[in-house]
Amino acid sequence: MKQTCYAGIDVGSASARVGLFNEKGERLAFAVRPIKQFHGRANFVEQSSSDIWQQICDAMKEAMATAGVSADEVRSLGVDATCSLVAVGQGGSPVSVSENGEADQDIIMWMDHRAAEETAQINATGDEALKYVGGEVSIEMELPKILWLKNHYPVRYERTVRFFDLADYLVWRATGADVASTCTLTCKWNYLAHEGRFAEDMLNAVGLHDLPEKIPEKVLDLGQAAGGLSEQAAKDLGLNAGTSVAAGIIDAHAGGLALIGVEPDGGLAIISGTSNCHMIVNEKPVMVPGVWGPYWGAMLPGYWLGEGGQSAAGSLVEWTIQQSDAYDELKAEAAKQGMHEIALLNNWVLDLEAREANPTRDLHVLSDHHGNRSPRANPHAKGVVSGLTLETGRDALARLYLATLQAIAYGTRHIIEEMTKAGHNITKLFMCGGATKNPLWLREYANITGREIQLAEEEDAVTLGAAILGAVACGDFKDIPSASAKLVRVGGLIKPEGSSAQFHAAKYQVYLNLYDNHQHHKALMEKAI
């Protein structure tokens with residue numbers, strides 16, 4: 001029997017994912033393909049648009065085959081992606097952003113930190129537009145990256161006819177429509193959506209006066225249709241030409257839309273992955289130092305969005321585990337028992353806790369290993385571990401792993417506190433992404449923030465959020481809240497344990513002090529050299 005399907009395309013940092021959902025929000029199929037990263041040197045991270053498109057197409061065909069879905073049953077596509085920068089030349093040709101000049105390396109990833117000088121140059125303008133990004137532009141945003149390309153490779157900059165955020169590029173690749181979305185431009189390009197313009201004075205001050213000519217003129221609100229699939233894109237994806245494609249959205253924002261699209265008031269959406277994003281909306285603009293936004297209509301039309309974040313979350317946990325002398329033992333034992341490594345490591349933590357009350361009492365981590373996105377807004381911040389001993393083996397790994405999980409949760413608590421001070425009301429957390437598969441981490445998040453955590457039944461809420469936009473764009477739902485009410489299904493609830501509140505209050509103060517102490521140490525060294 002023929003059914004109605006909505007496809008969500010989600011491009012993260014390391015993989016492209018496609019989910020197919022029916023009209024009840026039930027997932028029919030899910031397919032994942034790895035995508036390449038190129039690390040030319042420290043702080044340089046690039047990707048390939050051709051590689052990403054190919055992996056999306058392969059994942060789409062696999063998902064359709066798995067679900068037994070025909071092209072006629074796919075009503076629409078929604079697309080989300082990381083906020084990475086794509087350079088496109090005449091006729092759609094790639095423009096290299098790499099020092100080696102490799103044409104296929106045409107994407108500067110969000111996590112790339114090459115544009116430190118350009119970031120400082122933009123912030124030095126003191127332009128009024130900066131108050132809508134928490135006070136200063138981030139090194140992760142697009143204008144510093146574009147300015148870096150113009151400064152270092154002016155010929156390539158001139159050859160570029162379109163700069164796209166990755167989600168907008170994929171929409172263009174799918175439809176040929178020369179459009180961008182309110183979400184991408186407002187959150188990552190200093191576009192003032194509430195005024196419908198770019199910050200021209202700021203662009204002129206740093207030599208990017210001609211940039212608006214290289215960005216699509218048409219800006220679409222979320223839920224609007226960008227167009228239909230082109231003949232070539234339809235062939236690539238195994239779908240029908242003309243299938244409705246929604247305006248693009250940043251990956252974290254798609255997850256936030258799915259989590260709080262029905263009842264936005266009082267909820268903070270945490271999208272957990274390589275990095276963490278903390279999304280909150282308000283009917284009035286709330287400015288929080290060190291927190292991006294407020295952005296008009298950037299996640300839910302009619303609301304201002306505030307966006308906190310942590311540059312390293314899942315990536316920091318993975319890195320920490322791999323540094324341990326017990327990592328090989330963990331891998332071997334997990335394989336022997338047929339368990340995921342994290343599940344086994346959680347058992348090691350529980351065993352340690354059974355023998356020691358509060359095993360991280362004297363071990364503290366500052367989780368700024370890749371800088372601090374919020375609320376310090378310091379891309380040059382560094383991680384700290386305090387309380388090391390000569391302990392080795394599985395207990396040492398379990399202890400440091402737990403301390404790292406806690407540190408990332410303390411960073412979230414810091415963001416929540418700053419948002420609350422500025423005027424946001426946060427009564428409940430909504431989470432999706434990698435951390436939701438880790439019950440130990442969820443326990444720490446709930447206990448450290450002192451708030452209930454509501455999960456969605458669909459474990460990949462980001463892909464579902466993209467599909468929701470497609471369902472609105474094709475006209476099956478009048479708006480995002482009505483689509484979310486039908487397609488999003490409530491999952492489990494994690495409640496905080498009050499017995500640990502005093503312990504975490506003390507460790508949180510240590511967490512804050514670690515940053516202050518490290519800044520003091522940095523100042524001492526700067527005087528010496």
# chains A, B, ... in the order shown; residues from 1 in each chain; ligands from 1
$ closest_atom_pairs --of "region 206-307 of chain A" --to "region 192-198 of chain A" --cutoff "12 Å" --atoms "only C-alpha atoms" --output "CSV"
residue,atom,partner,partner_atom,distance
A:Leu208,CA,A:Phe198,CA,11.3
A:His209,CA,A:Phe198,CA,10.6
A:Asp210,CA,A:Phe198,CA,11.7
A:Leu211,CA,A:Phe198,CA,9.8
A:Pro212,CA,A:Phe198,CA,7.8
A:Glu213,CA,A:Phe198,CA,11.5
A:Ile215,CA,A:Phe198,CA,10.6
A:Glu217,CA,A:Arg197,CA,10.3
A:Lys218,CA,A:Gly196,CA,10.6
A:Val219,CA,A:Gly196,CA,8.8
A:Leu220,CA,A:Ala193,CA,10.4
A:Asp221,CA,A:Ala193,CA,9.7
A:Lys284,CA,A:His194,CA,11.8
A:Pro285,CA,A:His194,CA,10.5
A:Gly293,CA,A:Leu192,CA,10.2
A:Pro294,CA,A:Leu192,CA,10.0
A:Tyr295,CA,A:Ala193,CA,7.3
A:Trp296,CA,A:His194,CA,5.6
A:Gly297,CA,A:Ala193,CA,7.4
A:Ala298,CA,A:Ala193,CA,8.3
A:Met299,CA,A:Ala193,CA,12.0
A:Pro301,CA,A:Ala193,CA,11.0
A:Gly302,CA,A:His194,CA,10.3
A:Tyr303,CA,A:His194,CA,10.6
A:Trp304,CA,A:His194,CA,9.4
A:Leu305,CA,A:Ala193,CA,11.5
$ residues_around --residues "Gly248 (chain A)" --least-positions-apart "4" --cutoff "9 Å" --atoms "only C-alpha atoms" --output "NGL selection string"
:A and (78-81 or 166-171 or 180-184 or 220 or 222-223 or 226 or 466 or 469)
$ residues_around --residues "region 41-51 of chain A" --least-positions-apart "2" --cutoff "9 Å" --atoms "only C-alpha atoms" --output "MDAnalysis selection string"
chainID A and resid 35:39 53:56 84 86 94 97:98 103:114 166 169:170
$ atom_distance --atom1 "CA of Pro289 (chain A)" --atom2 "CA of Ile271 (chain A)"
20.6 Å
$ select_by_dssp --residues "region 28-92 of chain A" --states "helix (DSSP H, G or I)" --output "PyMOL selection string"
chain A and resi 49-67+71-73+90-92
$ write_last_selection --atoms "C-alpha atoms" --output "PDB file, in the first residue's frame"
ATOM      1  CA  SER A  49      31.286  19.025  -1.493  1.00  0.00           C
ATOM      2  CA  SER A  50      31.451  16.340  -4.190  1.00  0.00           C
ATOM      3  CA  ASP A  51      32.236  13.685  -1.586  1.00  0.00           C
ATOM      4  CA  ILE A  52      29.382  14.827   0.648  1.00  0.00           C
ATOM      5  CA  TRP A  53      26.875  14.871  -2.226  1.00  0.00           C
ATOM      6  CA  GLN A  54      27.878  11.373  -3.301  1.00  0.00           C
ATOM      7  CA  GLN A  55      27.487  10.008   0.229  1.00  0.00           C
ATOM      8  CA  ILE A  56      24.064  11.647   0.569  1.00  0.00           C
ATOM      9  CA  CYS A  57      22.928  10.038  -2.674  1.00  0.00           C
ATOM     10  CA  ASP A  58      24.181   6.614  -1.614  1.00  0.00           C
ATOM     11  CA  ALA A  59      22.526   6.946   1.793  1.00  0.00           C
ATOM     12  CA  MET A  60      19.222   8.008   0.234  1.00  0.00           C
ATOM     13  CA  LYS A  61      19.136   4.991  -2.065  1.00  0.00           C
ATOM     14  CA  GLU A  62      19.981   2.650   0.800  1.00  0.00           C
ATOM     15  CA  ALA A  63      17.284   4.115   3.042  1.00  0.00           C
ATOM     16  CA  MET A  64      14.656   3.789   0.321  1.00  0.00           C
ATOM     17  CA  ALA A  65      15.642   0.201  -0.406  1.00  0.00           C
ATOM     18  CA  THR A  66      15.602  -0.685   3.301  1.00  0.00           C
ATOM     19  CA  ALA A  67      12.142   0.824   3.796  1.00  0.00           C
ATOM     20  CA  ALA A  71      10.189   7.590  -5.330  1.00  0.00           C
ATOM     21  CA  ASP A  72       6.454   8.296  -5.706  1.00  0.00           C
ATOM     22  CA  GLU A  73       5.994   7.939  -1.943  1.00  0.00           C
ATOM     23  CA  GLN A  90      31.506  29.646 -12.436  1.00  0.00           C
ATOM     24  CA  GLY A  91      29.246  26.855 -13.681  1.00  0.00           C
ATOM     25  CA  GLY A  92      29.172  25.236 -10.240  1.00  0.00           C
TER      26      GLY A  92
END
$ closest_residue --among "A:Leu259, A:Val288, A:Leu20, A:Ala234" --to "Ala7 (chain A)" --atoms "only C-alpha atoms"
A:Leu20
$ atom_distance --atom1 "CA of Ile260 (chain A)" --atom2 "CA of Phe477 (chain A)"
17.0 Å
$ residues_around --residues "Arg451 (chain A)" --least-positions-apart "4" --cutoff "9 Å" --atoms "only C-alpha atoms" --output "list of chain:residue names"
A:Ile426, A:Thr427, A:Lys428, A:Leu429, A:Tyr445, A:Ala446, A:Asn447, A:Ile494, A:Lys495, A:Pro496
$ residues_around --residues "Phe430 (chain A)" --least-positions-apart "5" --cutoff "12 Å" --atoms "only C-alpha atoms" --output "PyMOL selection string"
chain A and resi 255-261+263-272+277-280+435-436+442+445-446+451-457+461+490-494
$ closest_residue --among "A:Gly89, A:Gly338, A:Gly101, A:Gly242" --to "Tyr157 (chain A)" --atoms "only C-alpha atoms"
A:Gly89
